[in-house]
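Enquirer: Got a structure for you, input-v3.tsv, holding TSV, C-alpha atoms.
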chain	number	residue	atom	x	y	z
A	1	MET	CA	-8.70	22.45	-7.61
A	2	ILE	CA	-9.46	19.24	-9.49
A	3	ARG	CA	-9.19	19.37	-13.25
A	4	ARG	CA	-10.86	16.70	-15.34
A	5	ALA	CA	-9.15	15.12	-18.34
A	6	THR	CA	-9.82	12.35	-20.82
A	7	LEU	CA	-6.47	10.65	-21.14
A	8	ALA	CA	-6.90	6.88	-21.59
A	9	TRP	CA	-4.65	4.39	-19.79
A	10	GLN	CA	-5.99	1.59	-21.93
A	11	SER	CA	-8.42	1.85	-24.77
A	12	ARG	CA	-11.02	0.00	-22.73
A	13	GLY	CA	-11.32	2.65	-20.09
A	14	LEU	CA	-8.54	3.71	-17.73
A	15	LEU	CA	-8.93	7.50	-17.49
A	16	VAL	CA	-7.29	10.36	-15.71
A	17	VAL	CA	-10.24	11.76	-13.74
A	18	GLY	CA	-8.55	14.56	-11.87
A	19	LYS	CA	-5.36	16.31	-10.78
A	20	LEU	CA	-4.25	17.98	-7.57
A	21	MET	CA	-1.19	20.20	-7.56
A	22	LYS	CA	1.52	18.66	-5.40
A	23	ASP	CA	2.09	21.86	-3.40
A	24	THR	CA	-1.59	21.95	-2.48
A	25	ILE	CA	-1.28	18.49	-0.95
A	26	GLY	CA	1.79	19.69	0.96
A	27	ARG	CA	-0.07	22.66	2.43
A	28	VAL	CA	-2.90	20.42	3.58
A	29	ALA	CA	-0.50	18.00	5.27
A	30	GLY	CA	1.50	20.84	6.80
A	31	GLY	CA	4.38	18.47	7.53
A	32	THR	CA	2.47	16.73	10.31
A	33	ALA	CA	1.26	13.21	9.70
A	34	VAL	CA	-2.17	12.04	10.71
A	35	LEU	CA	-3.87	8.71	11.01
A	36	LEU	CA	-7.52	9.35	10.27
A	37	ALA	CA	-10.78	7.48	9.96
A	38	ALA	CA	-13.94	8.42	8.08
A	39	ALA	CA	-17.17	6.75	7.08
A	40	GLY	CA	-17.94	6.35	3.40
A	41	LEU	CA	-14.68	7.78	2.06
A	42	ALA	CA	-12.11	6.27	-0.29
A	43	ALA	CA	-12.20	2.51	0.19
A	44	GLY	CA	-14.40	2.79	3.26
A	45	THR	CA	-18.09	2.10	3.65
A	46	ALA	CA	-20.56	2.49	6.48
A	47	THR	CA	-19.50	-0.99	7.59
A	48	TYR	CA	-15.78	-0.60	6.98
A	49	PRO	CA	-14.72	3.01	7.57
A	50	ALA	CA	-11.72	4.24	5.61
A	51	LEU	CA	-8.42	4.81	7.37
A	52	ALA	CA	-5.50	6.94	6.24
A	53	ALA	CA	-1.99	7.51	7.54
A	54	GLY	CA	0.74	10.02	6.87
A	55	GLN	CA	4.37	10.74	7.75
A	56	GLY	CA	5.92	12.67	10.61
A	57	ARG	CA	4.42	12.98	14.08
A	58	ALA	CA	1.61	10.46	13.89
A	59	SER	CA	-1.96	10.72	15.02
A	60	MET	CA	-4.66	8.11	15.34
A	61	ALA	CA	-8.39	8.43	14.98
A	62	GLN	CA	-11.53	6.44	15.57
A	63	PRO	CA	-14.22	6.20	12.85
A	64	ALA	CA	-16.10	9.43	12.28
A	65	LEU	CA	-19.60	8.10	11.81
A	66	ALA	CA	-21.35	11.36	11.04
A	67	SER	CA	-24.29	11.85	8.71
A	68	SER	CA	-21.87	13.21	6.11
A	69	PRO	CA	-18.34	11.91	5.48
A	70	SER	CA	-15.63	13.74	7.37
A	71	TRP	CA	-12.10	13.17	8.65
A	72	GLN	CA	-11.34	13.64	12.33
A	73	VAL	CA	-8.12	13.41	14.32
A	74	VAL	CA	-8.90	12.22	17.85
A	75	LYS	CA	-5.54	11.14	19.26
A	76	LYS	CA	-1.87	11.87	18.65
A	77	VAL	CA	1.13	9.63	19.36
A	78	PRO	CA	4.40	11.59	19.57
A	79	GLY	CA	7.53	9.86	18.32
A	80	GLU	CA	5.75	7.61	15.83
A	81	ASP	CA	5.64	7.62	12.04
A	82	PHE	CA	2.80	5.58	10.60
A	83	SER	CA	3.15	4.13	7.12
A	84	ALA	CA	0.07	1.91	6.75
A	85	VAL	CA	-3.36	1.24	8.21
A	86	VAL	CA	-6.05	-1.39	7.73
A	87	ALA	CA	-9.72	-1.35	8.76
A	88	THR	CA	-11.10	-4.71	9.88
A	89	GLY	CA	-14.69	-3.69	10.47
A	90	ARG	CA	-16.86	-0.98	11.93
A	91	ASN	CA	-15.15	-1.33	15.29
A	92	GLY	CA	-11.61	-2.41	14.53
A	93	GLY	CA	-8.39	-1.63	12.75
A	94	TRP	CA	-4.62	-1.65	12.78
A	95	ALA	CA	-1.96	1.01	12.31
A	96	PHE	CA	1.62	0.10	11.47
A	97	GLY	CA	4.39	2.51	12.38
A	98	SER	CA	7.66	2.59	10.47
A	99	GLY	CA	9.53	4.09	13.41
A	100	MET	CA	11.51	7.34	13.61
A	101	PRO	CA	15.33	7.42	13.64
A	102	GLY	CA	16.71	8.43	17.02
A	103	VAL	CA	13.27	8.26	18.65
A	104	ASN	CA	11.63	4.94	17.90
A	105	PRO	CA	13.72	3.09	15.28
A	106	ARG	CA	11.71	-0.15	15.22
A	107	PRO	CA	8.37	-0.56	13.40
A	108	THR	CA	5.40	-0.95	15.73
A	109	ALA	CA	1.80	-2.16	15.50
A	110	TRP	CA	-1.23	-0.48	17.09
A	111	HIS	CA	-4.69	-2.01	17.46
A	112	TYR	CA	-8.08	-0.28	17.59
A	113	ASN	CA	-10.83	-2.25	19.38
A	114	GLY	CA	-13.67	0.15	18.69
A	115	ARG	CA	-12.96	2.29	21.77
A	116	THR	CA	-9.23	2.82	22.20
A	117	TRP	CA	-5.90	2.34	20.43
A	118	SER	CA	-3.22	0.22	22.10
A	119	HIS	CA	0.32	-0.80	21.26
A	120	VAL	CA	0.67	-4.56	20.58
A	121	ALA	CA	4.14	-5.79	21.48
A	122	SER	CA	3.90	-9.01	19.44
A	123	GLY	CA	3.53	-6.84	16.31
A	124	HIS	CA	6.98	-5.25	16.59
A	125	GLY	CA	8.78	-5.10	13.27
A	126	LEU	CA	5.62	-5.36	11.16
A	127	GLY	CA	5.22	-2.78	8.42
A	128	GLY	CA	1.81	-3.03	6.76
A	129	GLY	CA	-1.30	-5.16	6.61
A	130	SER	CA	-4.46	-6.47	5.02
A	131	GLY	CA	-7.43	-8.08	6.73
A	132	ARG	CA	-11.00	-9.28	6.36
A	133	SER	CA	-12.08	-9.36	9.99
A	134	ALA	CA	-10.89	-8.55	13.49
A	135	ARG	CA	-9.67	-12.16	13.83
A	136	ASP	CA	-8.05	-12.47	10.41
A	137	VAL	CA	-5.34	-9.94	9.56
A	138	TRP	CA	-2.08	-10.41	7.65
A	139	SER	CA	1.10	-8.35	7.89
A	140	PHE	CA	4.80	-8.64	7.10
A	141	GLY	CA	8.24	-7.64	8.31
A	142	GLY	CA	11.69	-8.47	6.95
A	143	THR	CA	11.51	-11.92	5.36
A	144	ASP	CA	8.44	-12.95	7.38
A	145	VAL	CA	4.70	-12.84	6.85
A	146	ALA	CA	2.55	-12.61	9.98
A	147	HIS	CA	-1.05	-13.52	10.84
A	148	TRP	CA	-3.28	-12.11	13.60
A	149	ASN	CA	-5.92	-14.56	14.88
A	150	GLY	CA	-7.65	-12.13	17.20
A	151	SER	CA	-5.30	-12.55	20.14
A	152	ALA	CA	-1.69	-12.82	18.91
A	153	TRP	CA	0.58	-12.47	15.89
A	154	SER	CA	2.28	-15.59	14.49
A	155	ARG	CA	5.09	-15.36	11.93
A	156	THR	CA	6.24	-17.53	9.05
A	157	SER	CA	9.54	-17.10	7.22
A	158	VAL	CA	9.29	-17.01	3.41
A	159	ALA	CA	13.00	-16.29	2.94
A	160	ARG	CA	13.42	-19.37	0.73
A	161	LEU	CA	10.88	-17.95	-1.74
A	162	LEU	CA	12.50	-14.52	-1.98
A	163	PRO	CA	15.41	-13.57	-4.27
A	164	ALA	CA	18.69	-14.80	-2.82
A	165	ALA	CA	20.96	-12.52	-0.82
A	166	LEU	CA	24.07	-11.92	-2.94
A	167	LYS	CA	27.69	-11.56	-1.82
A	168	SER	CA	28.80	-10.08	-5.15
A	169	HIS	CA	26.94	-6.79	-4.59
A	170	LEU	CA	24.52	-5.19	-2.15
A	171	ASN	CA	20.92	-6.29	-2.01
A	172	ASP	CA	18.35	-6.75	0.74
A	173	PRO	CA	15.65	-9.36	-0.02
A	174	ALA	CA	12.44	-8.66	1.91
A	175	VAL	CA	8.66	-8.96	1.86
A	176	THR	CA	7.27	-5.60	0.74
A	177	GLY	CA	3.46	-5.95	0.82
A	178	VAL	CA	0.54	-8.26	1.56
A	179	PHE	CA	-3.04	-8.54	0.35
A	180	GLU	CA	-5.73	-10.88	1.72
A	181	GLN	CA	-8.09	-11.92	-1.05
A	182	SER	CA	-9.99	-14.47	1.05
A	183	ALA	CA	-9.47	-16.68	4.08
A	184	ASP	CA	-7.53	-19.21	1.98
A	185	SER	CA	-6.00	-16.88	-0.62
A	186	VAL	CA	-3.39	-14.33	0.44
A	187	TYR	CA	-0.78	-12.67	-1.76
A	188	ALA	CA	2.52	-11.09	-0.76
A	189	THR	CA	5.10	-9.21	-2.78
A	190	GLY	CA	8.83	-9.51	-2.26
A	191	ASN	CA	11.82	-7.72	-3.72
A	192	GLY	CA	15.53	-8.43	-3.91
A	193	ASN	CA	16.18	-4.68	-3.54
A	194	ASP	CA	19.35	-4.66	-5.63
A	195	GLU	CA	21.15	-1.43	-4.72
A	196	ASP	CA	21.17	-0.08	-8.28
A	197	ASP	CA	18.19	-1.38	-10.20
A	198	GLY	CA	15.97	-2.95	-7.56
A	199	GLY	CA	14.35	-6.34	-7.98
A	200	PRO	CA	13.95	-9.03	-8.80
A	201	MET	CA	10.29	-8.79	-7.75
A	202	VAL	CA	8.39	-11.92	-6.71
A	203	LEU	CA	4.70	-12.58	-6.04
A	204	LEU	CA	3.92	-15.16	-3.36
A	205	HIS	CA	0.62	-16.90	-2.60
A	206	TRP	CA	-0.89	-18.58	0.46
A	207	ASN	CA	-3.49	-21.24	-0.40
A	208	GLY	CA	-4.62	-21.82	3.17
A	209	HIS	CA	-1.89	-24.39	3.81
A	210	ARG	CA	1.44	-23.14	2.48
A	211	TRP	CA	3.23	-20.29	0.73
A	212	SER	CA	4.54	-20.62	-2.83
A	213	LYS	CA	6.02	-18.37	-5.50
A	214	VAL	CA	3.55	-17.82	-8.36
A	215	ALA	CA	5.19	-15.09	-10.48
A	216	GLY	CA	8.05	-12.62	-10.66
A	217	GLY	CA	10.22	-10.51	-12.91
A	218	LEU	CA	12.68	-7.64	-13.28
A	219	PHE	CA	10.49	-4.63	-12.54
A	220	GLY	CA	12.84	-2.64	-10.32
A	221	PHE	CA	11.98	-1.39	-6.85
A	222	GLY	CA	8.51	-1.52	-5.39
A	223	VAL	CA	6.71	1.60	-4.20
A	224	GLU	CA	8.65	3.14	-1.30
A	225	GLY	CA	7.39	2.06	2.09
A	226	VAL	CA	4.53	-0.44	1.89
A	227	GLN	CA	3.91	-2.00	-1.53
A	228	PRO	CA	0.30	-1.34	-2.64
A	229	ILE	CA	-1.66	-4.34	-3.95
A	230	ALA	CA	-5.27	-4.16	-5.09
A	231	ALA	CA	-7.81	-6.64	-6.41
A	232	ASP	CA	-8.96	-6.07	-9.99
A	233	GLY	CA	-12.49	-7.32	-9.29
A	234	HIS	CA	-12.00	-10.44	-11.42
A	235	GLY	CA	-9.67	-12.53	-9.27
A	236	GLY	CA	-6.50	-10.76	-10.37
A	237	LEU	CA	-4.32	-8.01	-8.89
A	238	TRP	CA	-2.96	-4.55	-9.70
A	239	ILE	CA	0.58	-3.82	-8.42
A	240	PRO	CA	2.36	-0.50	-9.11
A	241	MET	CA	6.17	-0.55	-9.23
A	242	ALA	CA	8.63	2.34	-8.94
A	243	GLY	CA	11.18	0.88	-11.36
A	244	PRO	CA	14.98	1.31	-11.10
A	245	GLU	CA	16.59	3.87	-8.82
A	246	GLY	CA	15.20	7.30	-9.62
A	247	GLY	CA	11.67	6.02	-10.20
A	248	LEU	CA	11.50	7.10	-13.85
A	249	ASP	CA	10.60	3.75	-15.35
A	250	GLY	CA	7.72	2.68	-13.14
A	251	ARG	CA	5.17	0.06	-14.11
A	252	MET	CA	1.59	-0.87	-13.35
A	253	LEU	CA	1.64	-4.65	-13.16
A	254	HIS	CA	-1.43	-6.80	-13.65
A	255	TYR	CA	-1.54	-10.35	-12.29
A	256	SER	CA	-4.06	-12.71	-13.85
A	257	GLY	CA	-4.09	-16.38	-14.78
A	258	GLY	CA	-0.73	-17.00	-13.14
A	259	HIS	CA	1.09	-14.32	-15.14
A	260	LEU	CA	2.35	-10.77	-14.58
A	261	THR	CA	1.93	-8.29	-17.44
A	262	THR	CA	2.66	-4.58	-17.73
A	263	ALA	CA	-0.23	-2.21	-18.41
A	264	ALA	CA	0.28	1.13	-20.14
A	265	ILE	CA	-0.29	4.26	-18.06
A	266	PRO	CA	-1.17	7.78	-19.27
A	267	GLY	CA	1.91	9.74	-20.23
A	268	GLY	CA	4.12	6.68	-20.01
A	269	PRO	CA	6.52	5.77	-17.19
A	270	SER	CA	8.88	8.67	-17.96
A	271	ARG	CA	6.12	11.21	-17.20
A	272	THR	CA	3.83	9.45	-14.68
A	273	SER	CA	4.73	7.82	-11.36
A	274	ILE	CA	2.13	5.69	-9.55
A	275	ALA	CA	2.32	5.50	-5.74
A	276	THR	CA	-0.89	3.75	-4.66
A	277	VAL	CA	-3.84	1.73	-5.96
A	278	ALA	CA	-7.17	0.59	-4.50
A	279	ARG	CA	-10.36	-1.04	-5.75
A	280	ILE	CA	-13.73	0.50	-4.91
A	281	PRO	CA	-15.50	-2.24	-2.87
A	282	GLY	CA	-18.20	-4.17	-4.70
A	283	THR	CA	-17.03	-3.04	-8.14
A	284	ALA	CA	-14.32	-3.71	-10.70
A	285	GLU	CA	-13.42	-0.01	-10.66
A	286	VAL	CA	-9.87	0.71	-9.52
A	287	LEU	CA	-8.32	4.04	-8.54
A	288	ALA	CA	-4.60	4.78	-8.65
A	289	GLY	CA	-2.81	7.83	-7.30
A	290	GLY	CA	0.55	9.33	-8.13
A	291	PHE	CA	1.97	12.36	-9.89
A	292	THR	CA	2.90	13.53	-13.37
A	293	HIS	CA	6.18	15.31	-14.08
A	294	ALA	CA	8.49	16.45	-16.83
A	295	ALA	CA	9.84	13.64	-19.01
A	296	GLY	CA	12.75	12.01	-17.21
A	297	ASN	CA	12.67	14.50	-14.32
A	298	ALA	CA	10.47	13.65	-11.32
A	299	GLY	CA	11.36	16.95	-9.66
A	300	LEU	CA	10.07	19.26	-12.39
A	301	ASP	CA	6.47	20.30	-13.17
A	302	ASP	CA	5.02	17.91	-10.57
A	303	ALA	CA	1.25	17.56	-10.30
A	304	GLY	CA	-0.71	14.96	-8.35
A	305	VAL	CA	-2.79	12.68	-10.56
A	306	LEU	CA	-5.72	10.33	-9.98
A	307	LEU	CA	-6.28	7.48	-12.44
A	308	GLU	CA	-9.38	5.37	-12.86
A	309	TYR	CA	-9.76	1.92	-14.40
A	310	GLU	CA	-13.11	0.33	-15.22
A	311	SER	CA	-13.37	-3.13	-16.74
Please rewrite the model in this file as structure tokens.

Expert:
Amino acid sequence: MIRRATLAWQSRGLLVVGKLMKDTIGRVAGGTAVLLAAAGLAAGTATYPALAAGQGRASMAQPALASSPSWQVVKKVPGEDFSAVVATGRNGGWAFGSGMPGVNPRPTAWHYNGRTWSHVASGHGLGGGSGRSARDVWSFGGTDVAHWNGSAWSRTSVARLLPAALKSHLNDPAVTGVFEQSADSVYATGNGNDEDDGGPMVLLHWNGHRWSKVAGGLFGFGVEGVQPIAADGHGGLWIPMAGPEGGLDGRMLHYSGGHLTTAAIPGGPSRTSIATVARIPGTAEVLAGGFTHAAGNAGLDDAGVLLEYES
């Protein structure tokens, strides 16, 4: 059941529009992950169907172009665990698997050509993606960013732009997410992944010719798995962060005018954790998903929460 509320994120209009109890989501998932496609749902449109992935034994689906929106599982891939998907048009998309320990430990990339899904060997090690067409998709893996030109993946190291690897204590600098704004404007997030507090976080930008660091700060760890990045509809970005270990000091970062700022979220970071964010195409309206919990205890009184931002 969805319950409406009127809790403002910012005074200009970020609202909690509904809640789903966490155990309800668990019953729906049933412990089996699915990769699904549907027309007109979430960030999808009739032209760009929405795709969704889960954890566990993965499944893949082709767009369900019915008269009314619906999700359909049409193929399963045993031994895979998908963490991210991207739709590149009515007849195309990518799925990125994070691998399964003891079965398939290395991340893999799968391509949908409008008829069938196939494993693409040159995409090994890639963990997420963003694209604007079937011949223009970006991904990342380790300290590399990767670009698909319609026939092959090419990789570029951005290690020099990431936080330095330290000998004094454990950290693991890596690219954590990517977002293609246009053909000559691509953003990527990176994190030093300090073992205790996470970070530092960096924001990188591709201007069509080269990568550069444009912002950064001490915001802890990124969201586990693939770092969500969403356009704000005005040339800027929304980036949720998990905060230090334990995830009880998360942030919703806003990038605009070359600067990162922290936006307030309903309940504050000690009571609300944000896990994903996406802009509704053609608007400046942004949706964010996560869960609320007892103050300082992410394992008590959990309830899924959907936030909305309109500017």

Enquirer: To one decimal place, how far is CA of Ser133 in chain A from CA of Trp94 in chain A in Å?

Expert: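 Going from CA of Ser133 in chain A over to CA of Trp94 in chain A, I get 11.1 Å.
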
Enquirer: Select, from A:Leu307, A:Ala146, A:Met252, A:Leu170, the residue with the minimum atom-to-atom distance to Trp206 in chain A, counting all atoms listed in the file.

Expert: A:Ala146

Enquirer: Can you tell me how far CA of Val77 in chain A sits from CA of Ala230 in chain A, in Å to one decimal?

Expert: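 It comes out at 28.8 Å.
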
Enquirer: Interatomic distance between CA of Glu195 in chain A and CA of Thr292 in chain A?

Expert: 25.1 Å

Enquirer: My list of candidates is A:Arg155, A:His234, A:Arg210, A:Arg135. Which is closest to Glu285 in chain A when distances are computed with all atoms listed in the file?

Expert: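 For Glu285 in chain A, the nearest of the candidates is A:His234.
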
Enquirer: Which one is closest to Ala165 in chain A: A:Ala242, A:Asp194, A:Asp144, A:Ser139? Count only C-alpha atoms.

Expert: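 Of A:Ala242, A:Asp194, A:Asp144, A:Ser139, the one nearest Ala165 in chain A, counting only C-alpha atoms, is A:Asp194.
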
Enquirer: Write out as a PDB file with C-alpha atoms, in the frame of the given file each polymer residue whose atoms come within 7 Å of Asp249 in chain A, counting all atoms listed in the file; drop sequence neighbours fewer than 5 positions from it.

Expert:
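Output (selection_21.pdb):
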ATOM      1  CA  ALA A 242       8.630   2.340  -8.940  1.00  0.00           C
ATOM      2  CA  GLY A 243      11.180   0.880 -11.360  1.00  0.00           C
ATOM      3  CA  PRO A 244      14.980   1.310 -11.100  1.00  0.00           C
ATOM      4  CA  PRO A 269       6.520   5.770 -17.190  1.00  0.00           C
ATOM      5  CA  SER A 270       8.880   8.670 -17.960  1.00  0.00           C
TER       6      SER A 270
END

Enquirer: Give me, as a VMD selection string, all polymer residues having an atom no more than 9 Å from Pro240 in chain A, counting all atoms listed in the file and skipping those fewer than 5 positions away in the same chain.

Expert: chain A and resid 222 to 223 227 to 229 250 to 254 273 to 277 288
